[in-house]
Amino acid sequence: MKKKLYQLLSPSADHKGISYWIDLFLITLIALNVLVVLLESVEEIDRQFEHLFNLFEVFSIGIFTLEYLLRVWVITEDKQYQHPIQGRLKFIISPLSIIDLLSFLPFYFPLFGFDLRFIRIMRVMRIFRLFKIVRYVNALALITDVLRQKREELYISLILTLFLLLLSSSLMYFVENPAQPGNFSSIPETMWWGISTLTTVGYGDMYPITPLGKILGGIISIIGIGLFALPTGILASGFSEVLKNRKQKNQTHCPACGRAHEPNTEHHA
């Protein structure tokens, strides 16, 4: 029974199996939960359908709680989590499991006497239910693989960005502070200008007025365009590599001609 439940709760590419319909049901439920969170922010709609939203919330919490408990129970069928205690603990602290937990746990807080103001804040965490879709949608799993594979390069680009932000904000502070002590009052205040400039947003609430400040601002803007293109290139390269690896993994070779072909395609004579 445990093995059968594990197979049913595992995302499936088989469009005819029960597992596929379970995945589709959970994806639909998650999408409806996110929609309800959005609609509840509209006061007129929330007032009119409050009772219906509350019933749907109870139903969703029941499904998500049951799903989580069943996953914790059957996870020992996975070779990574075979140990009955350590395996389950390892699964519970995994990122996807934490997201699953956050999707329903705030609902139970009132039972333990938490302050209502705190409860209202925690209810916003229902938006975490959106991230549960990662478990069921292969395209989102692809993004996770890319981020995991390219994390070192992304870390380096993030460090470079922070370094440039600190350097540009410091230089602009010393250049513009004498002319605009109100806007460029400190390096932390100037960092807001650095962020809006490096990201090419440019809100216009802070801008250099001295000749040297304008020259420096132009140089920083040009560097920012190139620097923010760096993570884009890293991610594009990562997607290309992951897709290529997946395609090669799914290919088999014809024993007659040795050519690669996709599964379920005709072999060469």
# chains A, B, ... in the order shown; residues from 1 in each chain; ligands from 1
$ residues_around --residues "range 143-152 of chain A" --least-positions-apart "5" --cutoff "9 Å" --atoms "only C-alpha atoms" --output "tab-separated table (two decimals) with C-alpha atoms, in the first residue's frame"
chain	number	residue	atom	x	y	z
A	134	VAL	CA	7.19	23.21	-8.88
A	138	ASN	CA	8.46	19.71	-15.37
A	157	SER	CA	27.74	37.89	-10.78
A	234	ILE	CA	24.58	32.59	-17.55
A	235	LEU	CA	20.94	31.48	-17.34
A	237	SER	CA	23.72	29.00	-21.20
A	238	GLY	CA	22.37	26.92	-18.32
A	239	PHE	CA	19.03	26.32	-20.05
A	241	GLU	CA	23.04	22.80	-21.36
A	242	VAL	CA	20.22	21.26	-19.30
$ residues_around --residues "range 224-227 of chain A" --least-positions-apart "4" --cutoff "7 Å" --atoms "only C-alpha atoms" --output "PyMOL selection string"
chain A and resi 198-199+220
$ atom_distance --atom1 "CA of Glu153 in chain A" --atom2 "CA of Gly218 in chain A"
27.1 Å
$ atom_distance --atom1 "CA of Thr200 in chain A" --atom2 "CA of Phe228 in chain A"
9.4 Å
$ residues_around --residues "range 70-85 of chain A" --least-positions-apart "4" --cutoff "7 Å" --atoms "only C-alpha atoms" --output "VMD selection string"
chain A and resid 2 to 3 5 to 6 66 89 91
$ write_last_selection --atoms "N, CA and C atoms" --output "compact mmCIF listing (two decimals), in the first residue's frame"
# COMPACT_ATOMS: atom_id res chain seq x y z
N LYS A 2 1.94 1.24 0.81
CA LYS A 2 2.83 2.39 0.86
C LYS A 2 3.48 2.63 -0.49
N LYS A 3 3.94 1.56 -1.12
CA LYS A 3 4.59 1.67 -2.43
C LYS A 3 3.62 2.21 -3.47
N LEU A 5 0.94 4.12 -2.93
CA LEU A 5 0.70 5.54 -2.64
C LEU A 5 1.88 6.40 -3.08
N TYR A 6 3.10 5.90 -2.88
CA TYR A 6 4.29 6.64 -3.31
C TYR A 6 4.26 6.86 -4.82
N LEU A 66 -3.34 16.41 4.30
CA LEU A 66 -3.34 14.97 4.01
C LEU A 66 -2.22 14.61 3.05
N LEU A 89 13.27 12.78 8.30
CA LEU A 89 13.76 14.09 8.74
C LEU A 89 14.46 14.82 7.60
N PHE A 91 13.83 14.45 4.47
CA PHE A 91 12.79 14.88 3.53
C PHE A 91 12.06 16.11 4.06
$ atom_distance --atom1 "CA of Leu243 in chain A" --atom2 "CA of Leu8 in chain A"
26.6 Å
